[in-house]
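Raw query34.cif, mmCIF, C-alpha atoms and all ligand atoms:
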```cif
data_upload
loop_
_atom_site.label_atom_id
_atom_site.label_comp_id
_atom_site.auth_asym_id
_atom_site.auth_seq_id
_atom_site.Cartn_x
_atom_site.Cartn_y
_atom_site.Cartn_z
CA MET A 275 5.69 49.29 5.80
CA THR A 276 2.10 49.39 7.06
CA ASP A 277 0.03 48.90 3.91
CA SER A 278 -0.59 45.81 1.80
CA ALA A 279 0.72 47.34 -1.42
CA THR A 280 4.06 48.32 0.12
CA LEU A 281 4.40 44.99 1.89
CA PHE A 282 3.54 43.11 -1.30
CA ALA A 283 6.09 45.06 -3.34
CA LYS A 284 8.77 44.18 -0.80
CA ALA A 285 7.56 40.59 -0.50
CA GLN A 286 7.87 40.09 -4.26
CA GLN A 287 11.55 40.96 -4.03
CA LEU A 288 12.14 38.33 -1.38
CA ILE A 289 9.54 35.55 -1.88
CA PRO A 290 8.50 33.97 -5.21
CA GLY A 291 5.32 35.81 -6.23
CA GLY A 292 5.40 37.56 -2.86
CA VAL A 293 3.62 34.68 -1.16
CA ASN A 294 4.42 31.40 0.53
CA SER A 295 1.64 29.56 -1.29
CA PRO A 296 0.59 30.45 -4.84
CA VAL A 297 -3.17 30.83 -4.43
CA ARG A 298 -2.65 33.62 -1.88
CA ALA A 299 -1.26 35.86 -4.64
CA CYS A 300 -4.82 36.36 -5.95
CA ARG A 301 -3.60 36.17 -9.54
CA SER A 302 -6.63 34.28 -10.84
CA VAL A 303 -8.95 37.03 -9.60
CA GLY A 304 -6.78 39.87 -10.94
CA CYS A 305 -5.84 41.74 -7.79
CA ASP A 306 -3.09 41.91 -5.20
CA PRO A 307 -3.37 40.21 -1.82
CA LEU A 308 -4.38 41.95 1.36
CA PHE A 309 -1.87 41.54 4.17
CA ILE A 310 -3.44 40.45 7.43
CA ALA A 311 -2.41 41.85 10.81
CA SER A 312 -4.68 39.74 13.02
CA ALA A 313 -7.73 37.50 13.05
CA ASN A 314 -10.44 36.77 15.57
CA GLY A 315 -13.60 34.69 15.31
CA SER A 316 -15.03 35.10 11.81
CA LYS A 317 -13.03 38.23 11.07
CA MET A 318 -9.59 39.14 9.79
CA THR A 319 -8.11 42.61 10.14
CA THR A 320 -5.85 43.91 7.39
CA VAL A 321 -2.64 45.82 8.04
CA GLU A 322 -4.66 48.90 7.06
CA GLY A 323 -6.89 48.19 10.04
CA ARG A 324 -9.91 47.07 8.01
CA GLU A 325 -11.97 44.29 9.64
CA MET A 326 -13.39 41.83 7.11
CA ILE A 327 -15.63 38.77 7.30
CA ASP A 328 -13.58 35.73 6.33
CA TYR A 329 -14.88 32.73 4.33
CA VAL A 330 -11.44 31.25 3.61
CA MET A 331 -10.63 30.54 7.29
CA SER A 332 -7.02 29.65 6.46
CA TRP A 333 -8.34 27.22 3.76
CA GLY A 334 -10.13 25.10 6.33
CA PRO A 335 -8.26 24.82 9.66
CA MET A 336 -10.24 27.50 11.51
CA LEU A 337 -13.57 25.65 11.85
CA LEU A 338 -13.88 27.02 15.41
CA GLY A 339 -13.06 30.51 14.17
CA HIS A 340 -9.80 32.42 14.41
CA ASN A 341 -8.05 32.89 17.76
CA HIS A 342 -10.39 30.56 19.64
CA PRO A 343 -9.76 31.15 23.37
CA GLU A 344 -9.34 27.47 24.29
CA VAL A 345 -6.97 26.85 21.39
CA ASN A 346 -5.07 30.04 22.08
CA ALA A 347 -4.68 29.19 25.75
CA ALA A 348 -3.45 25.69 24.89
CA ILE A 349 -0.80 27.06 22.54
CA HIS A 350 0.41 29.59 25.11
CA ALA A 351 0.57 26.96 27.85
CA ALA A 352 2.51 24.59 25.59
CA ALA A 353 4.88 27.35 24.45
CA ASP A 354 5.78 28.07 28.08
CA LYS A 355 7.12 24.50 28.31
CA GLY A 356 9.32 24.68 25.21
CA ALA A 357 8.66 24.66 21.48
CA SER A 358 10.06 21.33 20.35
CA PHE A 359 11.64 18.34 22.04
CA GLY A 360 12.64 15.96 19.24
CA ALA A 361 11.40 13.26 21.57
CA PRO A 362 7.92 11.88 22.30
CA CYS A 363 5.60 14.01 24.41
CA PRO A 364 2.29 13.16 26.15
CA ASP A 365 0.14 15.26 23.82
CA GLU A 366 1.20 13.18 20.82
CA VAL A 367 -0.40 10.19 22.52
CA ALA A 368 -3.47 12.21 23.49
CA LEU A 369 -4.03 13.58 19.98
CA ALA A 370 -3.48 10.17 18.42
CA GLN A 371 -6.09 8.77 20.80
CA ALA A 372 -8.53 11.56 19.93
CA VAL A 373 -8.10 10.90 16.19
CA VAL A 374 -8.46 7.12 16.60
CA ASP A 375 -11.58 7.62 18.76
CA ALA A 376 -13.12 10.02 16.22
CA VAL A 377 -12.35 8.56 12.78
CA PRO A 378 -13.90 5.13 12.17
CA GLY A 379 -11.29 3.92 9.66
CA ILE A 380 -8.26 4.81 11.79
CA ASP A 381 -6.81 2.23 14.22
CA MET A 382 -3.34 3.79 14.22
CA VAL A 383 -2.09 7.22 13.10
CA ARG A 384 1.19 8.99 12.34
CA MET A 385 1.49 12.76 12.71
CA VAL A 386 3.29 14.79 10.05
CA ASN A 387 3.46 18.51 9.29
CA SER A 388 1.17 19.10 6.31
CA GLY A 389 -1.51 17.54 4.18
CA THR A 390 1.06 16.96 1.46
CA GLU A 391 3.25 14.96 3.81
CA ALA A 392 0.21 12.94 4.86
CA THR A 393 -0.87 12.01 1.34
CA MET A 394 2.68 11.48 0.09
CA SER A 395 3.35 9.11 2.99
CA ALA A 396 0.03 7.28 2.60
CA VAL A 397 0.77 6.60 -1.07
CA ARG A 398 4.27 5.36 -0.24
CA LEU A 399 2.76 3.08 2.40
CA ALA A 400 0.17 1.77 -0.08
CA ARG A 401 2.92 0.99 -2.59
CA GLY A 402 5.05 -0.65 0.10
CA PHE A 403 2.18 -2.65 1.55
CA THR A 404 0.82 -3.92 -1.78
CA GLY A 405 4.15 -4.20 -3.61
CA LYS A 406 2.53 -2.43 -6.55
CA SER A 407 3.44 0.94 -8.09
CA MET A 408 0.53 2.49 -9.94
CA ILE A 409 -1.79 4.97 -8.23
CA ILE A 410 -5.12 6.34 -9.39
CA LYS A 411 -6.20 9.89 -8.63
CA CYS A 412 -9.04 11.96 -10.00
CA ILE A 413 -8.58 14.73 -12.53
CA GLY A 414 -8.94 17.96 -10.58
CA GLY A 415 -8.31 16.20 -7.28
CA TYR A 416 -5.67 17.96 -5.24
CA HIS A 417 -3.65 16.05 -2.66
CA GLY A 418 -0.80 18.49 -2.11
CA HIS A 419 2.32 19.04 -4.17
CA ALA A 420 4.18 15.70 -4.00
CA ASP A 421 5.54 14.76 -7.43
CA SER A 422 3.25 11.77 -7.93
CA PHE A 423 0.18 13.97 -7.72
CA LEU A 424 1.35 16.69 -10.11
CA ALA A 425 0.31 14.75 -13.17
CA ALA A 426 -1.73 15.91 -16.11
CA ALA A 427 -3.73 13.73 -18.44
CA GLY A 428 -1.66 12.43 -21.33
CA SER A 429 -2.71 13.19 -24.88
CA GLY A 430 -5.47 11.27 -26.62
CA LEU A 431 -6.38 7.91 -25.20
CA ALA A 432 -3.09 7.52 -23.36
CA THR A 433 -3.80 6.45 -19.82
CA PHE A 434 -0.27 7.49 -18.92
CA CYS A 435 0.23 10.92 -17.43
CA ILE A 436 2.56 13.72 -18.31
CA PRO A 437 4.11 16.01 -15.71
CA GLY A 438 1.74 18.71 -14.55
CA THR A 439 4.64 21.04 -13.84
CA PRO A 440 8.31 21.41 -14.78
CA GLY A 441 10.55 19.67 -12.30
CA VAL A 442 8.56 16.44 -12.15
CA PRO A 443 10.27 13.67 -14.13
CA GLU A 444 8.14 11.81 -16.69
CA ASP A 445 9.13 8.55 -15.03
CA THR A 446 7.55 9.69 -11.79
CA VAL A 447 4.11 10.41 -13.20
CA ARG A 448 4.14 7.31 -15.37
CA HIS A 449 2.98 5.57 -12.20
CA THR A 450 -0.03 7.87 -11.89
CA LEU A 451 -3.31 7.09 -13.63
CA LEU A 452 -6.15 9.58 -13.89
CA ALA A 453 -9.90 9.26 -13.99
CA PRO A 454 -12.60 11.95 -13.92
CA TYR A 455 -14.18 12.46 -10.49
CA ASN A 456 -17.50 10.62 -10.19
CA ASP A 457 -16.64 8.40 -13.19
CA LEU A 458 -16.68 4.89 -11.74
CA ALA A 459 -16.60 3.28 -15.18
CA ALA A 460 -13.28 5.00 -15.92
CA VAL A 461 -11.78 3.69 -12.69
CA LYS A 462 -13.18 0.23 -13.40
CA GLU A 463 -11.51 0.31 -16.85
CA LEU A 464 -8.16 1.21 -15.31
CA PHE A 465 -8.42 -1.74 -12.94
CA ARG A 466 -9.43 -3.99 -15.83
CA THR A 467 -6.33 -3.08 -17.83
CA ARG A 468 -3.75 -2.67 -15.06
CA PRO A 469 -2.86 -5.43 -12.56
CA ASP A 470 -0.37 -3.24 -10.70
CA ILE A 471 -2.53 -0.61 -9.00
CA ALA A 472 -1.53 0.03 -5.38
CA CYS A 473 -4.24 2.48 -4.44
CA VAL A 474 -6.91 4.95 -5.33
CA ILE A 475 -6.55 8.28 -3.55
CA VAL A 476 -9.69 10.41 -3.57
CA GLU A 477 -11.24 13.38 -1.81
CA PRO A 478 -14.54 11.89 -0.56
CA VAL A 479 -16.03 15.29 -1.28
CA ALA A 480 -13.89 17.12 -3.83
CA GLY A 481 -12.86 20.56 -2.61
CA ASN A 482 -10.21 21.63 -5.11
CA MET A 483 -12.22 21.96 -8.29
CA GLY A 484 -14.71 23.98 -6.36
CA LEU A 485 -16.90 21.83 -4.12
CA VAL A 486 -18.06 18.70 -5.96
CA PRO A 487 -19.93 16.07 -3.94
CA PRO A 488 -19.68 12.37 -4.84
CA LEU A 489 -22.55 10.98 -6.90
CA PRO A 490 -24.47 8.18 -5.19
CA GLY A 491 -22.51 4.96 -5.54
CA PHE A 492 -19.18 6.56 -6.53
CA LEU A 493 -17.40 6.09 -3.21
CA GLU A 494 -19.05 2.71 -2.63
CA GLY A 495 -17.86 1.65 -6.08
CA LEU A 496 -14.30 2.72 -5.35
CA ARG A 497 -14.41 0.72 -2.12
CA GLU A 498 -15.58 -2.39 -3.98
CA LEU A 499 -13.09 -2.01 -6.86
CA THR A 500 -10.09 -1.55 -4.57
CA ALA A 501 -11.12 -4.44 -2.32
CA ASN A 502 -11.61 -6.72 -5.33
CA HIS A 503 -8.24 -5.84 -6.83
CA ASP A 504 -6.04 -5.93 -3.70
CA ALA A 505 -5.55 -2.17 -3.84
CA LEU A 506 -5.96 0.29 -0.99
CA LEU A 507 -8.62 3.00 -0.81
CA ILE A 508 -7.11 6.21 0.54
CA PHE A 509 -9.53 8.94 1.62
CA ASP A 510 -7.88 12.33 1.46
CA GLU A 511 -9.83 14.04 4.25
CA VAL A 512 -7.49 17.00 4.63
CA ILE A 513 -10.48 19.27 4.00
CA THR A 514 -13.40 17.04 5.02
CA GLY A 515 -11.83 15.52 8.14
CA PHE A 516 -13.52 16.88 11.28
CA ARG A 517 -15.42 19.29 9.00
CA LEU A 518 -18.22 17.24 7.46
CA ALA A 519 -18.72 15.64 10.85
CA TYR A 520 -16.54 14.92 13.85
CA GLY A 521 -15.80 11.54 12.25
CA GLY A 522 -15.14 13.06 8.83
CA ALA A 523 -16.71 12.21 5.49
CA GLN A 524 -16.23 8.48 6.03
CA SER A 525 -18.55 8.63 9.04
CA VAL A 526 -21.17 10.45 6.94
CA PHE A 527 -21.01 8.16 3.91
CA GLY A 528 -20.42 4.96 5.87
CA ILE A 529 -17.36 3.99 3.80
CA ASP A 530 -14.43 2.22 5.46
CA PRO A 531 -11.20 3.36 3.73
CA ASP A 532 -7.92 1.53 4.28
CA LEU A 533 -6.03 4.77 4.90
CA THR A 534 -7.16 8.30 5.73
CA CYS A 535 -5.19 11.52 5.33
CA LEU A 536 -5.89 14.46 7.61
CA GLY A 537 -4.61 18.01 8.00
CA LYS A 538 -5.85 21.56 8.47
CA ILE A 539 -8.40 21.29 11.33
CA ILE A 540 -6.40 18.75 13.38
CA GLY A 541 -3.67 21.34 13.88
CA GLY A 542 -6.02 24.11 14.93
CA GLY A 543 -4.07 26.47 12.67
CA LEU A 544 -0.61 25.10 13.46
CA PRO A 545 1.22 22.88 10.93
CA VAL A 546 -0.16 19.36 11.36
CA GLY A 547 -1.00 16.58 8.93
CA ALA A 548 -1.66 12.95 9.72
CA TYR A 549 -2.20 9.64 7.99
CA GLY A 550 -3.76 6.64 9.60
CA GLY A 551 -5.71 3.50 8.95
CA LYS A 552 -5.88 -0.20 9.57
CA ARG A 553 -3.35 -1.47 12.07
CA ARG A 554 -2.01 -4.24 9.76
CA ILE A 555 -1.18 -1.57 7.19
CA MET A 556 0.11 1.16 9.51
CA GLU A 557 2.46 -1.29 11.24
CA ARG A 558 4.47 -1.38 8.04
CA ILE A 559 5.65 2.16 8.82
CA ALA A 560 9.12 2.57 10.35
CA PRO A 561 10.33 1.93 12.90
CA CYS A 562 8.00 -1.04 13.50
CA GLY A 563 7.83 -1.71 9.79
CA ASP A 564 10.00 -1.28 6.73
CA VAL A 565 8.32 1.64 4.94
CA TYR A 566 10.29 4.74 5.81
CA GLN A 567 8.80 8.10 6.76
CA ALA A 568 10.11 10.70 9.20
CA GLY A 569 9.87 14.36 10.26
CA THR A 570 11.83 16.62 12.58
CA LEU A 571 8.81 18.50 13.84
CA SER A 572 6.21 15.76 13.53
CA GLY A 573 4.17 15.64 16.74
CA ASN A 574 5.35 19.11 17.72
CA PRO A 575 4.08 19.84 21.25
CA LEU A 576 2.54 23.21 20.39
CA ALA A 577 0.75 21.79 17.35
CA MET A 578 -0.44 18.79 19.35
CA ALA A 579 -1.81 21.07 22.05
CA ALA A 580 -3.60 23.22 19.46
CA GLY A 581 -5.05 20.13 17.79
CA LEU A 582 -6.19 18.65 21.09
CA ALA A 583 -7.93 21.86 22.12
CA THR A 584 -9.55 22.10 18.70
CA LEU A 585 -10.87 18.56 18.68
CA GLY A 586 -11.99 18.92 22.29
CA ALA A 587 -14.14 21.92 21.36
CA LEU A 588 -15.40 20.33 18.13
CA LYS A 589 -16.53 17.20 19.96
CA LYS A 590 -19.25 19.34 21.60
CA ALA A 591 -20.06 21.41 18.49
CA ASP A 592 -23.39 21.54 16.67
CA TYR A 593 -22.37 20.36 13.20
CA ASP A 594 -25.95 20.01 11.99
CA GLY A 595 -26.72 23.57 13.04
CA LEU A 596 -23.71 24.95 11.18
CA ALA A 597 -24.59 22.93 8.09
CA ALA A 598 -28.12 24.31 8.11
CA ARG A 599 -26.93 27.91 8.49
CA THR A 600 -24.38 27.42 5.71
CA LYS A 601 -27.03 25.97 3.43
CA ALA A 602 -29.35 28.90 4.07
CA LEU A 603 -26.61 31.46 3.43
CA ALA A 604 -25.37 29.77 0.25
CA GLU A 605 -28.87 29.31 -1.18
CA GLU A 606 -29.74 32.96 -0.53
CA MET A 607 -26.47 34.12 -2.12
CA ALA A 608 -27.22 32.01 -5.20
CA ALA A 609 -30.79 33.30 -5.40
CA ILE A 610 -29.69 36.94 -5.25
CA LEU A 611 -27.07 36.38 -7.96
CA ARG A 612 -29.56 34.59 -10.21
CA GLU A 613 -31.93 37.55 -9.83
CA LYS A 614 -29.08 39.65 -11.25
CA GLY A 615 -29.06 37.43 -14.33
CA ALA A 616 -26.02 35.34 -13.42
CA PRO A 617 -26.26 31.57 -14.04
CA VAL A 618 -25.29 29.99 -10.73
CA TYR A 619 -24.83 26.31 -9.90
CA LEU A 620 -24.50 25.96 -6.14
CA THR A 621 -22.87 23.08 -4.32
CA GLN A 622 -22.95 22.88 -0.52
CA VAL A 623 -21.97 20.15 1.91
CA ALA A 624 -21.88 20.87 5.66
CA SER A 625 -19.87 24.09 6.19
CA LEU A 626 -18.49 24.16 2.64
CA PHE A 627 -19.99 25.69 -0.49
CA THR A 628 -19.08 26.87 -3.98
CA LEU A 629 -20.95 29.18 -6.33
CA PHE A 630 -20.15 28.08 -9.90
CA PHE A 631 -21.07 30.77 -12.44
CA CYS A 632 -22.57 28.32 -14.93
CA GLN A 633 -25.80 26.41 -15.43
CA GLY A 634 -24.29 23.13 -14.25
CA PRO A 635 -24.54 20.41 -13.24
CA VAL A 636 -20.96 20.32 -11.99
CA ARG A 637 -19.92 16.72 -11.47
CA ASP A 638 -16.18 16.78 -12.20
CA PHE A 639 -13.31 19.08 -13.15
CA GLU A 640 -14.37 19.29 -16.82
CA SER A 641 -17.82 20.59 -15.91
CA ALA A 642 -16.35 22.82 -13.19
CA LYS A 643 -14.28 24.55 -15.86
CA ALA A 644 -17.55 25.68 -17.49
CA GLY A 645 -17.78 28.21 -14.68
CA ASP A 646 -17.27 31.82 -15.81
CA ALA A 647 -13.90 32.66 -14.22
CA ALA A 648 -14.12 36.33 -15.22
CA ARG A 649 -17.49 36.68 -13.53
CA TYR A 650 -16.12 34.95 -10.43
CA ALA A 651 -13.17 37.38 -10.40
CA SER A 652 -15.57 40.32 -10.60
CA PHE A 653 -17.72 38.81 -7.83
CA TYR A 654 -14.63 38.19 -5.66
CA ASN A 655 -13.36 41.76 -6.05
CA GLN A 656 -16.73 43.40 -5.42
CA MET A 657 -17.28 41.28 -2.32
CA ARG A 658 -13.79 42.15 -1.08
CA GLU A 659 -14.53 45.82 -1.63
CA ALA A 660 -17.63 45.31 0.52
CA GLY A 661 -15.61 43.74 3.33
CA ILE A 662 -16.11 40.04 2.57
CA ILE A 663 -13.14 37.73 1.93
CA LEU A 664 -13.91 34.80 -0.38
CA ALA A 665 -11.46 32.31 -1.87
CA PRO A 666 -9.33 34.08 -4.53
CA SER A 667 -10.00 31.25 -6.99
CA ALA A 668 -13.13 29.83 -8.63
CA TYR A 669 -11.79 26.34 -7.95
CA GLU A 670 -11.84 26.55 -4.17
CA CYS A 671 -14.51 26.32 -1.50
CA ALA A 672 -16.03 28.87 0.80
CA PHE A 673 -15.66 27.85 4.45
CA THR A 674 -18.02 28.88 7.26
CA SER A 675 -17.20 28.33 10.91
CA PHE A 676 -18.78 28.07 14.34
CA ALA A 677 -17.72 31.68 14.85
CA HIS A 678 -19.78 33.14 11.99
CA SER A 679 -22.76 35.06 13.36
CA GLU A 680 -26.20 35.99 12.05
CA ASP A 681 -24.87 39.51 11.65
CA ASP A 682 -22.00 38.18 9.51
CA TYR A 683 -24.44 36.33 7.29
CA ALA A 684 -26.70 39.39 7.00
CA ARG A 685 -23.78 41.64 6.06
CA THR A 686 -22.61 39.05 3.54
CA LEU A 687 -26.01 38.97 1.85
CA ASP A 688 -26.11 42.77 1.78
CA ALA A 689 -22.76 42.70 0.00
CA VAL A 690 -24.08 40.20 -2.55
CA ARG A 691 -27.11 42.45 -3.16
CA GLY A 692 -24.70 45.23 -4.03
CA VAL A 693 -22.83 43.21 -6.65
CA LYS A 694 -23.14 44.46 -10.24
CA PHE A 695 -22.42 42.38 -13.33
P1 LIG A 701 -1.08 21.11 2.57
O1 LIG A 701 0.21 20.45 2.14
O2 LIG A 701 -1.33 22.42 1.83
O3 LIG A 701 -1.23 21.26 4.09
O4 LIG A 701 -2.29 20.12 2.18
C1 LIG A 701 -2.39 19.68 0.85
C2 LIG A 701 -3.81 19.23 0.58
C3 LIG A 701 -4.09 17.88 0.55
N1 LIG A 701 -5.34 17.42 0.32
C4 LIG A 701 -6.37 18.29 0.12
C5 LIG A 701 -7.74 17.74 -0.14
C6 LIG A 701 -6.13 19.69 0.14
O5 LIG A 701 -7.17 20.53 -0.08
C7 LIG A 701 -4.84 20.17 0.38
C8 LIG A 701 -4.52 21.66 0.40
N2 LIG A 701 -5.62 22.53 0.16
C9 LIG A 701 -5.27 23.80 -0.41
C10 LIG A 701 -6.55 24.60 -0.72
N3 LIG A 701 -7.56 23.86 -1.37
C11 LIG A 701 -4.34 24.57 0.45
C12 LIG A 701 -4.19 26.04 0.11
C13 LIG A 701 -2.85 26.34 -0.47
O6 LIG A 701 -2.34 25.52 -1.27
O7 LIG A 701 -2.31 27.41 -0.11
#
```

If you convert what's in this file into structure tokens, what do you get?
Ligand code: KE4
Amino acid sequence: MTDSATLFAKAQQLIPGGVNSPVRACRSVGCDPLFIASANGSKMTTVEGREMIDYVMSWGPMLLGHNHPEVNAAIHAAADKGASFGAPCPDEVALAQAVVDAVPGIDMVRMVNSGTEATMSAVRLARGFTGKSMIIKCIGGYHGHADSFLAAAGSGLATFCIPGTPGVPEDTVRHTLLAPYNDLAAVKELFRTRPDIACVIVEPVAGNMGLVPPLPGFLEGLRELTANHDALLIFDEVITGFRLAYGGAQSVFGIDPDLTCLGKIIGGGLPVGAYGGKRRIMERIAPCGDVYQAGTLSGNPLAMAAGLATLGALKKADYDGLAARTKALAEEMAAILREKGAPVYLTQVASLFTLFFCQGPVRDFESAKAGDAARYASFYNQMREAGIILAPSAYECAFTSFAHSEDDYARTLDAVRGVKF
């Protein structure tokens, strides 16, 4: 079994959809996934031996690039000492210190094993701390697959949600309220009508409806509303944390959330999530507090070592330089596509960008859905044919990294020039 098609056929017999996370199946772009044998820097090499330029970067973790030597060395060194202790280890303290030093809103932090665990735990903590049950999330915001988040808008004017997937009880999502991203008035109305809101959880820059930046005043308004209604503001920085800046989106926008969720980058490619925030809130978490949360592999020594090496390298990195290169690449890609007659609305923040195939503006999930999904699928497949890996969904971001080179960007633009609609 050395080719993707054979591996995928076998995988589909053993794993639902042949993948361990749905988006990897490439269904929304109408092709089968490529199986990857190895990755290094900005490139991934398929099992067929084809080297491709990667703009998914494991959906965000690989901001330094794949197989970074310092991260790799740290993982190897940690592995030589044993994979898991089930007891505290020094690197848990060191990584906690690095996160607390970096992220303004975090006084205390708990490590978990995924972004989902981080957001799920942060919401439980908000409910425990405030004694209230309702949560507000944005339509099109993705915070992982915990039941509370898998809620769809109810019919008509109902503010109550309905399950977004089978398997989630109606009772569970009745505690979830939805508002469009960037619609402060809608959030204000929910607070006006509901006294029992524990928190608002929001991606400070939305990255799961495509990339949608916050409008001026949106995040500030959420901060004011939550403070005025004894609710917590939870920033889901699983994508933006350590990516928009070393201090995350909150350090860029100057907003002080009560809780912050992290993931992806802080594990350097190994499974790590984290939630942290104000000490008076975090001290409600067991065992010093009464809100329960636990995890067998939380604080895993290999993952801590990978995260520490990653943050150590990022602390010295030129974020502004990467943002400028990403902006130049994304703007040139959009310009080439527009010359081909495609309507393109580009969003770009730091090392993230999305090309929406519509006139725009794209301000929320509703307007993101105006993007031409068929044209994106065609674009994705033609770029993949040309050796460029983009996100296999129109509702994701493209991720650059500190490993992407001028030659990578030049080859990417050549591939865009070759696209035919
Ligand atoms: P994980 O449980 O997948 O580690 O993190 C969930 C999560 C939470 N919050 C935000 C803002 C996220 O973007 C995510 C996960 N991101 C997706 C891609 N946008 C992961 C890719 C996948 O599901 O395979």

Given 8 Å and all atoms listed in the file, residues near ligand LIG 701 (chain A) as a PyMOL selection string:
chain A and resi 294-298+332-334+387-393+415-419+477+480-482+510-514+535-538+545-547+670-671

Take the residues from that selection and write them out as a CSV table (one decimal), in the coordinates of the input, keeping C-alpha atoms.
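Dumped to selection-v7.csv:
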```csv
chain,number,residue,atom,x,y,z
A,294,ASN,CA,4.4,31.4,0.5
A,295,SER,CA,1.6,29.6,-1.3
A,296,PRO,CA,0.6,30.4,-4.8
A,297,VAL,CA,-3.2,30.8,-4.4
A,298,ARG,CA,-2.6,33.6,-1.9
A,332,SER,CA,-7.0,29.6,6.5
A,333,TRP,CA,-8.3,27.2,3.8
A,334,GLY,CA,-10.1,25.1,6.3
A,387,ASN,CA,3.5,18.5,9.3
A,388,SER,CA,1.2,19.1,6.3
A,389,GLY,CA,-1.5,17.5,4.2
A,390,THR,CA,1.1,17.0,1.5
A,391,GLU,CA,3.2,15.0,3.8
A,392,ALA,CA,0.2,12.9,4.9
A,393,THR,CA,-0.9,12.0,1.3
A,415,GLY,CA,-8.3,16.2,-7.3
A,416,TYR,CA,-5.7,18.0,-5.2
A,417,HIS,CA,-3.6,16.0,-2.7
A,418,GLY,CA,-0.8,18.5,-2.1
A,419,HIS,CA,2.3,19.0,-4.2
A,477,GLU,CA,-11.2,13.4,-1.8
A,480,ALA,CA,-13.9,17.1,-3.8
A,481,GLY,CA,-12.9,20.6,-2.6
A,482,ASN,CA,-10.2,21.6,-5.1
A,510,ASP,CA,-7.9,12.3,1.5
A,511,GLU,CA,-9.8,14.0,4.2
A,512,VAL,CA,-7.5,17.0,4.6
A,513,ILE,CA,-10.5,19.3,4.0
A,514,THR,CA,-13.4,17.0,5.0
A,535,CYS,CA,-5.2,11.5,5.3
A,536,LEU,CA,-5.9,14.5,7.6
A,537,GLY,CA,-4.6,18.0,8.0
A,538,LYS,CA,-5.8,21.6,8.5
A,545,PRO,CA,1.2,22.9,10.9
A,546,VAL,CA,-0.2,19.4,11.4
A,547,GLY,CA,-1.0,16.6,8.9
A,670,GLU,CA,-11.8,26.6,-4.2
A,671,CYS,CA,-14.5,26.3,-1.5
```

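For the pair atom CA of A:Gly356 and atom CA of A:Leu576, the separation is 8.4 Å.
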
Would you mind listing what lies within 9 Å of A:Ala591 as a ChimeraX atom specification, with all atoms listed in the file counted and same-chain residues fewer than 3 positions away left out?
/A:338,520,587-588,594-596,676

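Atom CA of A:Ala460 sits 22.9 Å away from atom CA of A:Ala396.
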
So that I can check the surroundings of A:Asp457, please list as a PDB file with C-alpha atoms, in the frame of the given file every protein, DNA and RNA residue that reaches within 12 Å of it, counting only C-alpha atoms and ignoring chain neighbours fewer than 6 positions away.
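Everything below was put into part.pdb:
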```pdb
ATOM      1  CA  LYS A 411      -6.200   9.890  -8.630  1.00  0.00           C
ATOM      2  CA  CYS A 412      -9.040  11.960 -10.000  1.00  0.00           C
ATOM      3  CA  ILE A 413      -8.580  14.730 -12.530  1.00  0.00           C
ATOM      4  CA  GLU A 463     -11.510   0.310 -16.850  1.00  0.00           C
ATOM      5  CA  LEU A 464      -8.160   1.210 -15.310  1.00  0.00           C
ATOM      6  CA  PRO A 488     -19.680  12.370  -4.840  1.00  0.00           C
ATOM      7  CA  LEU A 489     -22.550  10.980  -6.900  1.00  0.00           C
ATOM      8  CA  PRO A 490     -24.470   8.180  -5.190  1.00  0.00           C
ATOM      9  CA  GLY A 491     -22.510   4.960  -5.540  1.00  0.00           C
ATOM     10  CA  PHE A 492     -19.180   6.560  -6.530  1.00  0.00           C
ATOM     11  CA  LEU A 493     -17.400   6.090  -3.210  1.00  0.00           C
ATOM     12  CA  GLY A 495     -17.860   1.650  -6.080  1.00  0.00           C
ATOM     13  CA  LEU A 496     -14.300   2.720  -5.350  1.00  0.00           C
ATOM     14  CA  ARG A 637     -19.920  16.720 -11.470  1.00  0.00           C
ATOM     15  CA  ASP A 638     -16.180  16.780 -12.200  1.00  0.00           C
ATOM     16  CA  PHE A 639     -13.310  19.080 -13.150  1.00  0.00           C
ATOM     17  CA  GLU A 640     -14.370  19.290 -16.820  1.00  0.00           C
TER      18      GLU A 640
END
```

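Note that atom CA of A:Asn574 and atom CA of A:Val386 are 9.0 Å apart.
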
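Ranking A:Ala642, A:Ile289, A:Ala609, A:Ala361 by their shortest atom-to-atom distance to A:Thr570, with all atoms listed in the file included, puts A:Ala361 first.
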
Give me the residues within 6 Å of stretch 343-355 of chain A as a list of chain:residue names, counting only C-alpha atoms and dropping any in the same chain fewer than 5 places off.
A:Leu576, A:Ala579, A:Ala580, A:Ala583

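Compared by their closest atoms to A:Met607, and using all atoms listed in the file, the residues A:Ile540, A:Ala368, A:Ala684, A:Ala668 rank with A:Ala684 nearest.
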
Which residue is closest to A:Ser316? Choose from A:Ala660, A:Cys632, A:Ala299, A:Met336 and count all atoms listed in the file.
A:Met336

From the options A:Leu337, A:Leu544, A:Met385, A:Leu485, which residue's atoms come nearest to A:Gly515, counting only C-alpha atoms?
A:Leu337

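Minimum atom-to-atom distances from A:Gly360, A:Gly291, A:Pro635, A:Gly379 to A:Ile555 were compared using all atoms listed in the file, and the lowest value belongs to A:Gly379.
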
Let me have the centre and edge lengths of the axis-aligned box enclosing all listed atoms of stretch 438-455 of chain A with 3 Å padding on every side, in Å to one decimal, as lines of an AutoDock Vina configuration file.
```
center_x = -1.8
center_y = 13.5
center_z = -13.6
size_x = 30.7
size_y = 21.8
size_z = 12.2
```

Counting all atoms listed in the file, which of A:Phe423, A:Phe627, A:Tyr549, A:Tyr566 gets nearest to A:Pro531?
A:Tyr549
